[in-house]
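In what follows, a structure is listed as structure tokens, so that the remarks can point back to it.
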Amino acid sequence: MSFEWPWQYNFPPFFTLQPNVDTRQKQLAAWCSLALSYCRHHKLYTLDVMEAQESPVFNNKKIERKLSMEAIQVVFEELRKKGNLEWLDKNKSRCLVMWRRPEEWGKLIYQWVSKNGMVNSVFTLYELSSGDDTEGEEFHGLEEWMLMRSLQALQTEGKAEIITMDDGKGVKFF
Amino acid sequence: MDRFSWSNGLLEINETLVIQQRGVRLYDGDDKAKLDVGVVLLSTHRLIWRDIKNHECCISMPLSQIIFFEEQAAGIGKSAKIVIHLHPPLVNKEPGPYQHSKYSYIKLSFKEHGQIEFYRRLTEEMTQKRWENTPVSQPISTGTGSQGGRTRAVGIVGIERKIEEKRKETDKNISEAFEDLSKLMVKAKEMVEVSRSIANKIKDKQGDITEDETIRFKSYLLSMGIANPVTRETHGSGTHYHMQLAKQLGDMLQAPLEERGGMMALTEVYCLVNRARGMELLSPEDLVNACKMFESLKLPLRECRVSEKGSLTAEEFAKLLGLSVLLSKERLLLAEKMGHLCRDDSVEGLRFYPNLF
């Protein structure tokens with residue numbers, strides 16, 4: 001299924017940071033939504049800012065417009081404020097993109113666990129993200145750092161406990 | 001039952017409602033009255049009865065007609081009743097449901113109970129005889145229509161009466177509003193006839209379409225605001241209607257335009273103008289055609305279509321308006337500030353687009 005671009009993507013002013021405050025608010029909201037759904041579609045969990053500038057998301061070759069570095073930073077800051085982005089370094093060159101927040105992932109994982117009657121079982125992280133049983137689930141292929149965050153969220157809710165095993169980490173669900 | 005008179009059920013000033021009870025059937029003596037089950041109302045002055053389904057059917061009798069009354073206990077299959085014995089009818093009594101009765105008493109049959117309380121209250125009123133202290137001027141004598149007494153509408157009946165009047169007024173307003181439409185329908189009918197006759201003539205190649213018919217047809221089209229279809233000139237020579245409209249718009253839009261920094265989207269104009277007009281709404285075509293006449297009528301407004309590209313640079317705008325580039329840029333920036341436009345800043349230069357965000 002190919003990615004469907006929103007109408008703004010083909011509207012040249014979309015790629016210019018708007019000075020009018022109200023207009024800018026709407027523009028940024030559209031950008032955040034586009035960035036997140038693009039990452040979601042392509043299952044991207046990290047972004048490199050330098051690479052992003054050349055990625056089709058921020059660079060529409062057809063209308064010959066691309067978002068400036070300054071503007072990209074503004075969009076990223078907006079995403080960070082909304083809780084969908086985390087910087088991996090002080091220089092803000094790489095970031096984690098959470099098009100689904102940890103709590104939401106945790107909920108999905110727990111639903112799968114309880115649906116299959118596997119509460120009180122222990123899983124390794126590998127089993128959850130890459131096991132045969134989870135193939136077809138949305139969280140299959142989830143990167144480890146994101147998986148950990150999600151399980152931590154469940155732990156806070158009292159629905160799971162992360163345990164350290166000989167060869168890595170695992171989790172028990174309640 | 002011949003002591004009752006037709007009433008509109010409205011209470012007089014000084015008359016107060018004491019109690020009412022629904023589910024009451026009247027008896028003329030021992031015979032069931034030729035009325036359905038209804039509501040009986042006791043006021044300080046009268047005994048009133050009203051049909052539950054047909055509110056126009058309402059009768060009343062002054063309490064002074066009552067000699068005495070007594071309870072009749074309920075039996076198997078029979079509701080409790082109050083038997084009321086009455087003085088002979090007054091000579092000048094207003095007409096009622098019965099011209100004459102062989103009985104001098106009536107019965108109230110309480111099919112939904114309530115007879116105990118009603119009996120108690122009736123006793124109170126008959127003891128106090130409050131109607132003697134505050135007499136009402138005349139016995140209520142209007143018929144079943146609502147001919148008057150509007151100002152003295154109290155009680156539930158009064159409220160119902162007011163609702164009915166309001167409904168009638170709303171009806172009238174609606175019919176008036178549709179008068180224009182019905183006039184249009186008449187015109188349309190004429191148009192259809194003429195066009196049908198012309199069409200037939202063309203089809204049968206029969207006879208000439210008379211000049212008269214052509215003129216009539218054209219006049220119909222004009223009066224409906226359709227530009228002369230023969231000439232195809234919608235730009236310069238619009239119809240009289242559009243010229244008038246353009247002038248009207250020129251006046252109407254001065255203030256709103258100033259508020260909005262001198263520029264308004266045509267869609268905004270459409271909404272503003274139609275909201276103001278209320279009834280005779282403008283079609284989008286009419287608005288556009290009227291706008292095209294601004295220049296020829298030398299009105300201080302111009303319709304400016306953003307270029308084929310859908311956007312403008314300051315230079316292009318300057319050319320369009322015949323202004324200096326500096327001034328046109330100011331206008332554009334102002335429109336951007338007001339949220340009408342947004343900008344596209346690229347290697348190609350600075351362009352302004354309608355704000356679609």
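The way I read the labels, and the way they are meant: chains A, B, ... in the order of the structure tokens, residue 1 as the first residue of every chain, and ligand 1 as the first ligand shown, with later ones counted on from there.
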Report the closest atom pair, with its distance in Å rounded to one decimal, for each residue of chain A that has an atom no farther than 12 Å from chain B; count only C-alpha atoms, sort by chain and then rising residue number, and write it as a tab-separated table.
residue	atom	partner	partner_atom	distance
A:Trp7	CA	B:Leu356	CA	10.1
A:Gln8	CA	B:Phe357	CA	8.1
A:Tyr9	CA	B:Phe357	CA	11.7
A:Asn10	CA	B:Leu356	CA	11.9
A:Phe11	CA	B:Leu356	CA	8.9
A:Pro12	CA	B:Asp344	CA	5.9
A:Pro13	CA	B:Asp344	CA	4.2
A:Phe14	CA	B:Asp344	CA	7.6
A:Phe15	CA	B:Asp344	CA	7.3
A:Thr16	CA	B:Asp344	CA	5.6
A:Leu17	CA	B:Arg343	CA	8.4
A:Gln18	CA	B:Arg343	CA	6.7
A:Pro19	CA	B:Lys337	CA	8.2
A:Asn20	CA	B:Lys337	CA	5.8
A:Val21	CA	B:Lys337	CA	8.8
A:Asp22	CA	B:Gly339	CA	7.6
A:Thr23	CA	B:Phe357	CA	6.4
A:Arg24	CA	B:Phe357	CA	8.8
A:Gln25	CA	B:Phe357	CA	9.4
A:Lys26	CA	B:Phe357	CA	6.2
A:Gln27	CA	B:Phe357	CA	6.7
A:Leu28	CA	B:Phe357	CA	10.3
A:Ala29	CA	B:Phe357	CA	10.3
A:Ala30	CA	B:Phe357	CA	9.0
A:Trp31	CA	B:Phe357	CA	11.7
A:Ile63	CA	B:Ser346	CA	11.0
A:Glu64	CA	B:Ser346	CA	9.0
A:Arg65	CA	B:Ser346	CA	7.3
A:Lys66	CA	B:Ser346	CA	8.8
A:Leu67	CA	B:Ser346	CA	10.0
A:Ser68	CA	B:Ser346	CA	10.0
Restricting it to N, CA, C and O atoms, dump the selection as a CSV table (one decimal), in the first residue's frame.
chain,number,residue,atom,x,y,z
A,7,TRP,N,-2.9,16.8,1.0
A,7,TRP,CA,-3.0,17.9,0.0
A,7,TRP,C,-1.9,19.0,0.2
A,7,TRP,O,-1.4,19.5,-0.7
A,8,GLN,N,-1.6,19.2,1.5
A,8,GLN,CA,-0.6,20.3,1.8
A,8,GLN,C,0.7,19.9,1.1
A,8,GLN,O,1.5,20.9,0.8
A,9,TYR,N,1.0,18.7,1.0
A,9,TYR,CA,2.3,18.3,0.4
A,9,TYR,C,2.6,18.9,-1.0
A,9,TYR,O,3.7,19.1,-1.3
A,10,ASN,N,1.5,19.1,-1.7
A,10,ASN,CA,1.7,19.7,-3.0
A,10,ASN,C,1.4,21.2,-3.1
A,10,ASN,O,1.3,21.7,-4.2
A,11,PHE,N,1.3,21.8,-2.0
A,11,PHE,CA,1.0,23.2,-1.9
A,11,PHE,C,2.3,23.9,-1.5
A,11,PHE,O,2.8,23.8,-0.4
A,12,PRO,N,2.9,24.7,-2.5
A,12,PRO,CA,4.2,25.2,-2.2
A,12,PRO,C,4.4,26.0,-0.9
A,12,PRO,O,5.4,25.8,-0.2
A,13,PRO,N,3.4,26.8,-0.4
A,13,PRO,CA,3.6,27.5,0.8
A,13,PRO,C,3.8,26.6,2.0
A,13,PRO,O,4.3,27.0,3.1
A,14,PHE,N,3.4,25.3,1.9
A,14,PHE,CA,3.6,24.3,3.0
A,14,PHE,C,5.1,24.2,3.4
A,14,PHE,O,5.4,24.0,4.5
A,15,PHE,N,6.0,24.5,2.4
A,15,PHE,CA,7.4,24.3,2.6
A,15,PHE,C,8.1,25.6,3.1
A,15,PHE,O,9.3,25.7,3.2
A,16,THR,N,7.3,26.7,3.3
A,16,THR,CA,7.8,27.9,3.8
A,16,THR,C,7.2,28.1,5.2
A,16,THR,O,6.0,28.1,5.3
A,17,LEU,N,8.1,28.4,6.2
A,17,LEU,CA,7.6,28.6,7.5
A,17,LEU,C,6.8,29.9,7.5
A,17,LEU,O,7.4,30.9,7.2
A,18,GLN,N,5.5,29.8,7.9
A,18,GLN,CA,4.7,30.9,7.7
A,18,GLN,C,4.8,31.9,8.9
A,18,GLN,O,4.9,31.5,10.1
A,19,PRO,N,4.9,33.2,8.6
A,19,PRO,CA,5.1,34.2,9.6
A,19,PRO,C,3.8,34.4,10.4
A,19,PRO,O,3.8,34.7,11.6
A,20,ASN,N,2.7,34.3,9.8
A,20,ASN,CA,1.4,34.5,10.5
A,20,ASN,C,1.2,33.4,11.5
A,20,ASN,O,1.2,32.2,11.2
A,21,VAL,N,1.0,33.8,12.7
A,21,VAL,CA,1.0,32.8,13.8
A,21,VAL,C,-0.1,31.8,13.7
A,21,VAL,O,0.2,30.6,13.9
A,22,ASP,N,-1.3,32.2,13.4
A,22,ASP,CA,-2.4,31.3,13.2
A,22,ASP,C,-2.1,30.3,12.1
A,22,ASP,O,-2.4,29.1,12.2
A,23,THR,N,-1.7,30.9,11.0
A,23,THR,CA,-1.4,30.0,9.8
A,23,THR,C,-0.3,29.0,10.1
A,23,THR,O,-0.4,27.9,9.8
A,24,ARG,N,0.7,29.5,10.9
A,24,ARG,CA,1.9,28.6,11.2
A,24,ARG,C,1.4,27.5,12.1
A,24,ARG,O,1.8,26.3,11.9
A,25,GLN,N,0.5,27.8,13.0
A,25,GLN,CA,0.0,26.7,13.9
A,25,GLN,C,-0.6,25.6,13.1
A,25,GLN,O,-0.3,24.4,13.3
A,26,LYS,N,-1.4,26.0,12.1
A,26,LYS,CA,-2.1,25.0,11.3
A,26,LYS,C,-1.0,24.2,10.4
A,26,LYS,O,-1.1,23.0,10.2
A,27,GLN,N,-0.1,25.0,9.9
A,27,GLN,CA,1.0,24.4,9.1
A,27,GLN,C,1.8,23.3,9.9
A,27,GLN,O,2.0,22.2,9.4
A,28,LEU,N,2.2,23.7,11.1
A,28,LEU,CA,3.0,22.8,11.9
A,28,LEU,C,2.2,21.6,12.3
A,28,LEU,O,2.7,20.5,12.3
A,29,ALA,N,0.9,21.8,12.6
A,29,ALA,CA,0.1,20.6,12.9
A,29,ALA,C,0.0,19.6,11.8
A,29,ALA,O,0.2,18.4,11.9
A,30,ALA,N,-0.1,20.2,10.5
A,30,ALA,CA,-0.1,19.3,9.4
A,30,ALA,C,1.3,18.6,9.2
A,30,ALA,O,1.3,17.5,8.8
A,31,TRP,N,2.4,19.3,9.4
A,31,TRP,CA,3.7,18.7,9.3
A,31,TRP,C,3.9,17.6,10.3
A,31,TRP,O,4.4,16.5,9.9
A,63,ILE,N,7.3,19.5,-7.0
A,63,ILE,CA,7.1,20.9,-7.0
A,63,ILE,C,8.3,21.7,-6.7
A,63,ILE,O,8.3,23.0,-6.5
A,64,GLU,N,9.4,21.0,-6.6
A,64,GLU,CA,10.7,21.7,-6.3
A,64,GLU,C,10.7,22.5,-5.1
A,64,GLU,O,11.1,23.7,-5.1
A,65,ARG,N,10.2,22.0,-4.0
A,65,ARG,CA,10.2,22.7,-2.8
A,65,ARG,C,10.7,21.8,-1.7
A,65,ARG,O,10.4,20.6,-1.6
A,66,LYS,N,11.5,22.3,-0.8
A,66,LYS,CA,11.9,21.5,0.4
A,66,LYS,C,11.9,22.4,1.6
A,66,LYS,O,12.1,23.6,1.6
A,67,LEU,N,11.7,21.7,2.8
A,67,LEU,CA,11.7,22.5,4.0
A,67,LEU,C,13.1,22.8,4.4
A,67,LEU,O,14.0,22.0,4.3
A,68,SER,N,13.3,24.0,4.9
A,68,SER,CA,14.7,24.5,5.3
A,68,SER,C,15.1,23.8,6.6
A,68,SER,O,14.2,23.2,7.3
- prompt: Neighbours of Met293 of chain B within 7 Å (only C-alpha atoms; same-chain residues fewer than 4 positions away dropped), as number ranges by chain?
  reply: B: 236, 243, 246, 289, 297
task: Quick one: pick out all helix (DSSP H, G or I) residues within chain A from a backbone DSSP run and write them as an NGL selection string.
output: :A and (7-10 or 12-15 or 21-41 or 49-54 or 69-81 or 102-115 or 125-130 or 132-134 or 144-156)
message: For the structure I just gave you, how does DSSP split segment 50-147 of chain A - specifically, which residues are strand (DSSP E)? Reply as a PyMOL selection string.
response: chain A and resi 59-60+65-66+85-87+94-97+122-124
- prompt: Quick one: residues within 12 Å of Met69 of chain A, only C-alpha atoms counted, chain neighbours fewer than 6 positions away excluded, as number ranges by chain?
  reply: A: 15-17, 49-54, 58-59, 75-76, 92-93
Within 12 Å of Gly83 of chain A using only C-alpha atoms, minus same-chain residues under 6 positions, as a JSON list (two decimals) with N, CA, C and O atoms, in the first residue's frame:
[["chain", "number", "residue", "atom", "x", "y", "z"],
["A", 32, "CYS", "N", 3.48, 17.83, 11.54],
["A", 32, "CYS", "CA", 3.63, 16.78, 12.56],
["A", 32, "CYS", "C", 2.88, 15.54, 12.14],
["A", 32, "CYS", "O", 3.40, 14.43, 12.19],
["A", 36, "LEU", "N", 4.71, 11.92, 11.25],
["A", 36, "LEU", "CA", 4.38, 10.73, 12.03],
["A", 36, "LEU", "C", 3.77, 9.65, 11.16],
["A", 36, "LEU", "O", 4.15, 8.47, 11.28],
["A", 76, "PHE", "N", 10.47, 19.42, 14.35],
["A", 76, "PHE", "CA", 10.94, 18.41, 15.32],
["A", 76, "PHE", "C", 10.68, 18.86, 16.75],
["A", 76, "PHE", "O", 10.30, 18.08, 17.60],
["A", 77, "GLU", "N", 10.90, 20.14, 16.99],
["A", 77, "GLU", "CA", 10.67, 20.67, 18.33],
["A", 77, "GLU", "C", 9.19, 20.53, 18.70],
["A", 77, "GLU", "O", 8.84, 20.18, 19.82],
["A", 96, "LEU", "N", 14.67, 9.84, 18.10],
["A", 96, "LEU", "CA", 13.73, 8.72, 18.08],
["A", 96, "LEU", "C", 12.36, 9.26, 17.73],
["A", 96, "LEU", "O", 11.95, 10.29, 18.27],
["A", 97, "VAL", "N", 11.70, 8.59, 16.83],
["A", 97, "VAL", "CA", 10.35, 9.04, 16.46],
["A", 97, "VAL", "C", 9.34, 8.04, 16.98],
["A", 97, "VAL", "O", 9.37, 6.87, 16.61],
["A", 98, "MET", "N", 8.51, 8.52, 17.87],
["A", 98, "MET", "CA", 7.51, 7.61, 18.45],
["A", 98, "MET", "C", 6.16, 7.95, 17.86],
["A", 98, "MET", "O", 5.39, 8.70, 18.47],
["A", 99, "TRP", "N", 5.93, 7.38, 16.68],
["A", 99, "TRP", "CA", 4.64, 7.68, 16.06],
["A", 99, "TRP", "C", 3.53, 6.99, 16.85],
["A", 99, "TRP", "O", 2.35, 7.26, 16.67],
["A", 100, "ARG", "N", 3.94, 6.11, 17.72],
["A", 100, "ARG", "CA", 3.00, 5.59, 18.71],
["A", 100, "ARG", "C", 3.71, 5.71, 20.05],
["A", 100, "ARG", "O", 4.87, 5.33, 20.17],
["A", 101, "ARG", "N", 3.03, 6.25, 21.01],
["A", 101, "ARG", "CA", 3.70, 6.47, 22.30],
["A", 101, "ARG", "C", 3.88, 5.16, 23.05],
["A", 101, "ARG", "O", 3.11, 4.21, 22.82],
["A", 102, "PRO", "N", 4.87, 5.09, 23.96],
["A", 102, "PRO", "CA", 5.15, 3.84, 24.69],
["A", 102, "PRO", "C", 3.91, 3.24, 25.35],
["A", 102, "PRO", "O", 3.70, 2.03, 25.31],
["A", 103, "GLU", "N", 3.08, 4.10, 25.94],
["A", 103, "GLU", "CA", 1.88, 3.59, 26.61],
["A", 103, "GLU", "C", 0.97, 2.87, 25.61],
["A", 103, "GLU", "O", 0.36, 1.84, 25.93]]
message: For Gly9 of chain B, find every residue with an atom within 9 Å (counting only C-alpha atoms), except residues of its own chain fewer than 4 positions away, and show them as a PyMOL selection string.
response: chain B and resi 48-50+56+58-60+140+153+155+157-158
With C-alpha atoms retained, export the selected residues as a PDB file, in the first residue's frame.
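Saved result, selection.pdb, follows:
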ATOM      1  CA  ILE B  48     -66.003  24.215  33.833  1.00  0.00           C
ATOM      2  CA  TRP B  49     -65.722  21.062  31.715  1.00  0.00           C
ATOM      3  CA  ARG B  50     -63.539  20.568  28.671  1.00  0.00           C
ATOM      4  CA  GLU B  56     -62.592  23.808  21.556  1.00  0.00           C
ATOM      5  CA  CYS B  58     -65.665  23.676  26.531  1.00  0.00           C
ATOM      6  CA  ILE B  59     -68.648  24.445  28.724  1.00  0.00           C
ATOM      7  CA  SER B  60     -69.168  26.192  32.043  1.00  0.00           C
ATOM      8  CA  ILE B 140     -68.416  34.370  29.644  1.00  0.00           C
ATOM      9  CA  ALA B 153     -55.793  34.257  29.198  1.00  0.00           C
ATOM     10  CA  GLY B 155     -54.566  28.907  33.370  1.00  0.00           C
ATOM     11  CA  VAL B 157     -56.452  26.702  28.728  1.00  0.00           C
ATOM     12  CA  GLY B 158     -55.038  30.170  28.328  1.00  0.00           C
TER      13      GLY B 158
END
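If you look at atom CA of Trp5 of chain A and atom CA of Tyr38 of chain A, they are 8.8 Å away from each other.
Minimum distance to His240 of chain B across B:Ala290, B:Cys57, B:Tyr270, B:Arg275 (counting only C-alpha atoms) occurs at B:Ala290.
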- prompt: Got a sec: who's within 8 Å of segment 107-119 of chain B, counting only C-alpha atoms, leaving out chain neighbours fewer than 4 positions off, as a PyMOL selection string?
  reply: chain B and resi 19-30+71+79-84+123
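One distance worth recording is that between atom CA of Leu108 of chain A and atom CA of Asp89 of chain A, which is 28.9 Å.
What separates atom CA of Pro62 of chain B from atom CA of His45 of chain B is a distance of 6.0 Å.
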